[in-house]
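Below is start.txt, holding compact mmCIF, C-alpha atoms.
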# COMPACT_ATOMS: atom_id res chain seq x y z
CA MET A 1 59.09 98.13 23.59
CA LEU A 2 56.23 99.96 25.30
CA HIS A 3 56.73 101.16 28.87
CA LEU A 4 53.81 103.18 30.16
CA GLY A 5 54.77 106.23 32.16
CA ASP A 6 57.97 107.47 33.72
CA LEU A 7 59.01 104.28 35.52
CA ARG A 8 60.22 104.17 39.08
CA LYS A 9 62.92 101.80 40.25
CA ASP A 10 62.15 98.20 41.22
CA ALA A 11 61.64 97.09 44.80
CA PRO A 12 64.98 96.08 46.37
CA ALA A 13 66.15 92.50 45.99
CA ALA A 14 69.36 90.56 46.40
CA PRO A 15 71.33 90.57 43.11
CA ALA A 16 71.59 87.32 41.22
CA ARG A 17 74.99 86.03 40.10
CA SER A 18 75.80 85.91 36.39
CA GLY A 19 75.78 82.12 36.20
CA GLU A 20 72.74 81.59 38.42
CA PRO A 21 70.23 79.18 36.84
CA ARG A 22 66.85 80.53 35.76
CA ALA A 23 63.69 79.52 37.55
CA ARG A 24 61.85 78.53 34.35
CA ALA A 25 62.57 75.27 32.58
CA VAL A 26 64.11 75.58 29.11
CA PRO A 27 62.61 73.22 26.49
CA ASP A 28 64.69 71.02 24.22
CA TRP A 29 64.00 73.48 21.42
CA PRO A 30 65.08 71.36 18.42
CA ALA A 31 62.83 68.52 19.61
CA ARG A 32 60.04 70.95 20.41
CA PHE A 33 60.22 72.45 16.91
CA THR A 34 59.91 68.95 15.41
CA GLU A 35 56.76 68.38 17.46
CA LEU A 36 55.32 71.77 16.55
CA ALA A 37 56.05 71.31 12.83
CA ALA A 38 54.14 68.03 12.86
CA ALA A 39 51.17 69.63 14.64
CA ALA A 40 51.02 72.96 12.76
CA ARG A 41 47.98 73.34 10.52
CA ASP A 42 48.87 76.65 8.90
CA PRO A 43 51.47 76.02 6.15
CA ARG A 44 53.38 79.22 7.01
CA LEU A 45 53.71 78.18 10.63
CA HIS A 46 54.69 74.68 9.53
CA ARG A 47 57.51 76.10 7.40
CA PHE A 48 58.67 78.24 10.32
CA TYR A 49 58.98 75.22 12.61
CA ALA A 50 60.35 72.96 9.86
CA ALA A 51 63.29 75.37 9.47
CA GLY A 52 64.30 74.16 12.93
CA THR A 53 66.62 75.71 15.45
CA VAL A 54 70.17 74.99 16.52
CA ALA A 55 71.01 72.76 19.48
CA GLY A 56 71.68 74.22 22.90
CA GLU A 57 75.27 73.00 22.77
CA THR A 58 76.05 75.22 19.76
CA PRO A 59 78.71 77.87 20.55
CA LEU A 60 77.33 81.39 20.46
CA LYS A 61 79.82 82.33 17.72
CA ASN A 62 78.05 79.87 15.38
CA VAL A 63 74.46 80.96 16.13
CA GLN A 64 72.48 82.98 13.60
CA MET A 65 70.14 85.35 15.44
CA VAL A 66 67.55 88.03 14.81
CA ALA A 67 66.82 90.90 17.18
CA LEU A 68 63.09 91.56 17.56
CA ASP A 69 61.05 94.33 19.13
CA VAL A 70 57.33 95.09 19.13
CA GLU A 71 55.45 98.21 20.13
CA THR A 72 51.97 97.66 21.51
CA THR A 73 48.83 99.45 22.66
CA GLY A 74 49.55 98.38 26.25
CA LEU A 75 51.15 95.64 28.36
CA ASP A 76 48.38 93.01 28.44
CA PRO A 77 48.34 90.62 25.45
CA VAL A 78 44.75 89.65 26.28
CA ARG A 79 43.45 93.20 25.80
CA ASP A 80 46.22 94.98 23.88
CA GLU A 81 47.77 94.42 20.45
CA ILE A 82 50.89 95.03 18.40
CA VAL A 83 51.21 98.28 16.43
CA SER A 84 54.73 97.88 15.02
CA ILE A 85 57.44 95.24 14.63
CA GLY A 86 61.16 95.60 13.98
CA VAL A 87 63.59 92.77 13.15
CA VAL A 88 67.35 92.96 12.63
CA PRO A 89 69.40 89.87 11.57
CA MET A 90 72.63 89.49 13.53
CA ASP A 91 75.30 87.27 15.00
CA LEU A 92 78.03 87.93 17.55
CA THR A 93 80.22 89.84 15.12
CA CYS A 94 77.83 91.45 12.66
CA ILE A 95 74.52 93.31 12.75
CA ARG A 96 72.93 93.24 9.29
CA SER A 97 71.08 96.55 9.32
CA SER A 98 70.61 96.47 5.54
CA ALA A 99 68.47 93.33 5.96
CA SER A 100 66.30 94.85 8.69
CA ARG A 101 62.51 94.84 8.38
CA TYR A 102 59.96 97.18 9.91
CA TRP A 103 56.18 97.04 9.83
CA VAL A 104 53.45 99.28 11.21
CA VAL A 105 50.28 97.20 11.62
CA ARG A 106 46.68 98.05 12.43
CA PRO A 107 45.63 96.73 15.85
CA ARG A 108 42.15 95.43 16.53
CA ALA A 109 42.37 96.88 20.04
CA GLU A 110 41.88 100.57 20.76
CA LEU A 111 44.90 102.82 20.27
CA HIS A 112 45.18 104.67 23.59
CA PRO A 113 46.46 108.27 23.75
CA GLU A 114 48.99 107.21 26.39
CA SER A 115 50.61 104.67 24.07
CA VAL A 116 50.60 107.14 21.15
CA THR A 117 52.59 109.54 23.33
CA ILE A 118 55.20 106.84 23.88
CA HIS A 119 55.65 105.11 20.52
CA ALA A 120 54.39 108.05 18.36
CA ILE A 121 52.36 105.80 16.04
CA THR A 122 49.16 107.72 15.35
CA HIS A 123 45.60 106.81 14.39
CA ALA A 124 46.29 108.18 10.89
CA GLN A 125 49.26 105.83 10.45
CA ILE A 126 47.41 102.70 11.53
CA ALA A 127 44.35 103.62 9.45
CA SER A 128 46.31 102.86 6.29
CA ALA A 129 48.42 100.04 7.79
CA PRO A 130 47.78 96.34 7.12
CA ASP A 131 46.45 93.97 9.74
CA LEU A 132 49.18 91.82 11.25
CA GLY A 133 47.69 88.82 9.48
CA ALA A 134 48.68 90.34 6.14
CA ILE A 135 52.40 90.34 7.01
CA VAL A 136 52.69 86.79 8.38
CA ASP A 137 54.17 85.68 5.03
CA GLU A 138 57.01 88.19 5.56
CA LEU A 139 57.42 88.04 9.33
CA LEU A 140 57.79 84.29 9.86
CA PRO A 141 60.54 83.84 7.22
CA ALA A 142 62.42 86.75 8.81
CA LEU A 143 62.51 84.81 12.09
CA ALA A 144 62.83 81.26 10.75
CA GLY A 145 66.00 79.32 11.50
CA ARG A 146 67.35 82.02 13.84
CA VAL A 147 67.42 82.45 17.61
CA VAL A 148 65.38 85.52 18.53
CA VAL A 149 67.05 88.22 20.68
CA VAL A 150 64.75 90.45 22.74
CA HIS A 151 64.74 92.77 25.74
CA CYS A 152 61.97 91.28 27.89
CA GLY A 153 61.03 88.09 26.09
CA ASP A 154 57.64 87.73 27.75
CA ILE A 155 56.39 90.71 25.76
CA GLU A 156 57.45 89.58 22.27
CA ARG A 157 56.52 85.93 22.75
CA SER A 158 53.13 86.54 24.39
CA PHE A 159 52.01 89.29 21.99
CA LEU A 160 53.05 87.40 18.85
CA ALA A 161 51.42 84.21 20.13
CA ALA A 162 48.18 86.05 20.87
CA ALA A 163 48.23 87.91 17.54
CA LEU A 164 48.72 84.74 15.49
CA LYS A 165 46.17 82.81 17.54
CA ALA A 166 43.57 85.48 16.76
CA ARG A 167 44.37 85.47 13.04
CA ILE A 168 45.36 81.95 11.99
CA GLY A 169 43.98 79.95 14.90
CA GLU A 170 47.42 78.93 16.18
CA GLY A 171 49.92 80.63 18.47
CA ILE A 172 53.69 80.48 18.13
CA GLU A 173 56.60 79.30 20.26
CA PHE A 174 60.29 80.09 19.79
CA PRO A 175 63.47 80.30 21.85
CA VAL A 176 64.84 83.67 22.86
CA ILE A 177 67.96 85.20 24.30
CA ASP A 178 66.59 87.89 26.61
CA THR A 179 69.02 90.74 27.24
CA MET A 180 66.86 91.98 30.13
CA GLU A 181 67.07 88.54 31.74
CA LEU A 182 70.85 88.55 31.33
CA GLU A 183 70.98 91.88 33.18
CA ALA A 184 68.58 90.52 35.80
CA ARG A 185 71.04 87.74 36.59
CA LEU A 186 73.36 90.44 37.91
CA HIS A 187 70.87 92.85 39.42
CA ARG A 188 67.69 90.95 40.43
CA ALA A 189 66.58 88.04 42.57
CA PRO A 190 64.95 85.15 40.65
CA ALA A 191 61.38 86.05 39.69
CA THR A 192 58.37 84.33 41.24
CA GLY A 193 54.68 84.45 40.35
CA SER A 194 53.06 85.00 36.95
CA TRP A 195 55.00 86.59 34.10
CA LEU A 196 52.61 89.56 33.94
CA ALA A 197 52.86 90.20 37.69
CA ASN A 198 56.64 89.98 37.47
CA LEU A 199 56.70 92.33 34.48
CA ARG A 200 54.55 94.91 36.23
CA ALA A 201 56.72 94.63 39.34
CA ARG A 202 59.81 95.27 37.22
CA LEU A 203 58.32 98.19 35.37
CA PHE A 204 56.27 99.92 38.05
CA GLY A 205 57.53 98.82 41.47
CA ARG A 206 61.10 100.08 41.49
CA THR A 207 62.83 102.08 44.23
CA HIS A 208 65.61 104.58 43.68
CA ASP A 209 68.37 102.43 45.19
CA GLN A 210 68.34 99.50 42.74
CA VAL A 211 69.97 99.26 39.33
CA SER A 212 67.60 99.66 36.39
CA ILE A 213 67.53 96.89 33.79
CA ARG A 214 65.57 98.87 31.20
CA LEU A 215 67.06 98.83 27.72
CA ALA A 216 68.54 102.35 27.69
CA ASP A 217 69.96 102.03 31.21
CA SER A 218 71.44 98.61 30.48
CA ARG A 219 73.10 99.95 27.34
CA GLU A 220 74.57 102.85 29.29
CA ARG A 221 76.42 100.45 31.58
CA TYR A 222 78.24 99.07 28.51
CA ARG A 223 78.95 102.60 27.17
CA LEU A 224 76.64 102.13 24.20
CA PRO A 225 75.10 105.26 22.63
CA ARG A 226 71.64 106.45 23.59
CA TYR A 227 69.00 106.01 20.88
CA ARG A 228 65.43 107.21 20.53
CA ALA A 229 63.31 104.83 22.62
CA HIS A 230 60.05 103.08 21.69
CA HIS A 231 60.59 102.71 17.97
CA ALA A 232 60.46 98.99 17.17
CA LEU A 233 63.29 98.96 14.63
CA THR A 234 65.57 101.19 16.70
CA ASP A 235 64.90 99.14 19.83
CA ALA A 236 65.64 95.92 17.92
CA LEU A 237 68.99 97.39 16.82
CA ALA A 238 69.66 98.59 20.38
CA THR A 239 68.94 95.09 21.69
CA ALA A 240 71.27 93.51 19.14
CA GLU A 241 74.10 95.83 20.18
CA LEU A 242 73.41 95.19 23.85
CA LEU A 243 73.69 91.42 23.42
CA GLN A 244 77.01 91.78 21.61
CA ALA A 245 78.28 93.93 24.49
CA GLN A 246 76.98 91.54 27.15
CA VAL A 247 78.70 88.56 25.53
CA ALA A 248 81.95 90.51 25.05
CA HIS A 249 82.03 91.55 28.71
CA ARG A 250 80.56 88.55 30.52
CA PHE A 251 80.68 85.45 28.36
CA ALA A 252 82.83 84.12 25.52
CA PRO A 253 82.23 83.25 21.85
CA ASP A 254 82.51 79.55 22.71
CA THR A 255 79.82 79.75 25.41
CA PRO A 256 77.09 77.22 24.58
CA LEU A 257 73.77 78.70 23.56
CA ARG A 258 72.00 76.84 26.41
CA ALA A 259 73.73 79.17 28.90
CA LEU A 260 71.74 82.12 27.56
CA TRP A 261 68.56 81.06 25.83
CA GLN A 262 65.15 80.27 27.28

Transcribe the structure of this file into structure tokens.
Amino acid sequence: MLHLGDLRKDAPAAPARSGEPRARAVPDWPARFTELAAAARDPRLHRFYAAGTVAGETPLKNVQMVALDVETTGLDPVRDEIVSIGVVPMDLTCIRSSASRYWVVRPRAELHPESVTIHAITHAQIASAPDLGAIVDELLPALAGRVVVVHCGDIERSFLAAALKARIGEGIEFPVIDTMELEARLHRAPATGSWLANLRARLFGRTHDQVSIRLADSRERYRLPRYRAHHALTDALATAELLQAQVAHRFAPDTPLRALWQ
């Protein structure tokens, strides 16, 4: 995931308890997928929704998941675009690295030097890469029928929705388990305001005396190894491992999915 610059710590706030309810309402995702399947015009998107999703009462141990990360040209899905995508199938006990997928894609937005410095995807690489529209037939089946695991769900959901809207005329919706949000329950007050304002506040408004909930720092608290940051496939793997550690330390395999997803 793209973070521009060397980030400072967030402004101080009272920590949220682990079981504290989220401010945003969580849809009835199985019912929502039924509605979306009926309304989808693109056959690939219809198949994605028709695959359905498990009910919120399903124990975590029975949930098939896929960790997802995207690297982008910036943080604004209106102006910026995706340059790479990594997906790693997983569940609570197994990360299926051999089934991982990774794509570099050519953005329609300008590739800024600042983002190249961070994710190391160059103009030469994207010049020969396909447009994201050319990999929809591969990407959607990789996500279908699984709960998506991310670190900062607003990024993955908003960028994928914008990318598909621009290419097939329809956006996309899907449930996520957000490992950043799970850390925020311990170390942040509930967010208010727009998602982009909240994201910028998290990434750029930190002070030195508050716990960081960035991916690498969150992993360090669970004694997970440090990986190279800002590579979509590596960050997807890192997110998968982080969720397994979070559940092992703070939840239980029988915890219902509705306690974590959004």

Would you list the contacts of A:Ile126 as a ChimeraX atom specification, taking every protein, DNA or RNA residue within 12 Å and counting all atoms listed in the file, but skipping same-chain residues closer than 4 positions in sequence?
-> /A:73,82-84,103-111,116,120-122,130-132

Keeping C-alpha atoms for every residue in the selection just given, could you write it to a file as an mmCIF file, in the frame of the given file?
data_model
loop_
_atom_site.group_PDB
_atom_site.id
_atom_site.type_symbol
_atom_site.label_atom_id
_atom_site.label_comp_id
_atom_site.auth_asym_id
_atom_site.auth_seq_id
_atom_site.Cartn_x
_atom_site.Cartn_y
_atom_site.Cartn_z
ATOM 1 C CA THR A 73 48.830 99.450 22.660
ATOM 2 C CA ILE A 82 50.890 95.030 18.400
ATOM 3 C CA VAL A 83 51.210 98.280 16.430
ATOM 4 C CA SER A 84 54.730 97.880 15.020
ATOM 5 C CA TRP A 103 56.180 97.040 9.830
ATOM 6 C CA VAL A 104 53.450 99.280 11.210
ATOM 7 C CA VAL A 105 50.280 97.200 11.620
ATOM 8 C CA ARG A 106 46.680 98.050 12.430
ATOM 9 C CA PRO A 107 45.630 96.730 15.850
ATOM 10 C CA ARG A 108 42.150 95.430 16.530
ATOM 11 C CA ALA A 109 42.370 96.880 20.040
ATOM 12 C CA GLU A 110 41.880 100.570 20.760
ATOM 13 C CA LEU A 111 44.900 102.820 20.270
ATOM 14 C CA VAL A 116 50.600 107.140 21.150
ATOM 15 C CA ALA A 120 54.390 108.050 18.360
ATOM 16 C CA ILE A 121 52.360 105.800 16.040
ATOM 17 C CA THR A 122 49.160 107.720 15.350
ATOM 18 C CA PRO A 130 47.780 96.340 7.120
ATOM 19 C CA ASP A 131 46.450 93.970 9.740
ATOM 20 C CA LEU A 132 49.180 91.820 11.250
#

Name the closest residue to A:Glu81 among the candidates A:Ser158, A:Thr58, A:Thr93, A:Thr117; distances are taken between atoms, counting all atoms listed in the file.
-> A:Ser158

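Rounded to one decimal, atom CA of A:Leu60 and atom CA of A:Thr179 lie 14.2 Å from each other.
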
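Using only C-alpha atoms for every distance, the candidate list A:Pro141, A:Pro225, A:Pro77, A:Pro30 yields A:Pro225 as the residue closest to A:Glu241.
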
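The two atoms in question, atom CA of A:Leu243 and atom CA of A:Phe48, are spaced 23.9 Å apart.
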
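Ranking A:Leu92, A:Ala162, A:Ala127, A:Leu140 by their shortest atom-to-atom distance to A:Val247, with all atoms listed in the file included, puts A:Leu92 first.
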
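As for atom CA of A:Val63 and atom CA of A:Arg96, they are spaced 14.1 Å apart.
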
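Comparing the minimum interatomic distances between A:Asn62 and each of A:Ala245, A:Leu257, A:Ala25, A:Leu75, counting only C-alpha atoms, we find that A:Leu257 sits nearest.
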
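Nearest to A:Met65 of all the residues A:Arg146, A:Arg258, A:His123, A:His187 is A:Arg146, based on only C-alpha atoms.
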
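Among the candidate residues A:Ala236, A:Val70, A:Val211, A:Ala166, the one lying nearest to A:Leu186 is A:Val211, with distances computed using all atoms listed in the file.
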
Would you compute the box with edges along x, y and z of the file around stretch 86-94 of chain A, including every atom the file lists for it and 5 Å extra on each side, and give its centre and edge lengths in Å to one decimal, as AutoDock Vina command-line options?
--center_x 70.7 --center_y 91.4 --center_z 14.6 --size_x 29.1 --size_y 18.3 --size_z 16.0

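Within 12 Å of A:Glu220, once only C-alpha atoms are used and residues closer than 6 positions along the same chain are dropped, the contacting residues are Val211, Ser212, Ile213, Arg214, Arg226, Tyr227, Ala238, Glu241, Leu242, Ala245 and Gln246 of chain A.
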
Tell me, as a list in words, which residues lie within 10 Å of A:Asp28, counting only C-alpha atoms; anything in the same chain fewer than 6 positions away does not count.
-> Ala55, Gly56, Pro175, Arg258 and Gln262 of chain A

Using only C-alpha atoms, please write the residues we just selected to a file, as an mmCIF file, in the frame of the given file.
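Resulting contents of part12.cif:
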data_model
loop_
_atom_site.group_PDB
_atom_site.id
_atom_site.type_symbol
_atom_site.label_atom_id
_atom_site.label_comp_id
_atom_site.auth_asym_id
_atom_site.auth_seq_id
_atom_site.Cartn_x
_atom_site.Cartn_y
_atom_site.Cartn_z
ATOM 1 C CA ALA A 55 71.010 72.760 19.480
ATOM 2 C CA GLY A 56 71.680 74.220 22.900
ATOM 3 C CA PRO A 175 63.470 80.300 21.850
ATOM 4 C CA ARG A 258 72.000 76.840 26.410
ATOM 5 C CA GLN A 262 65.150 80.270 27.280
#
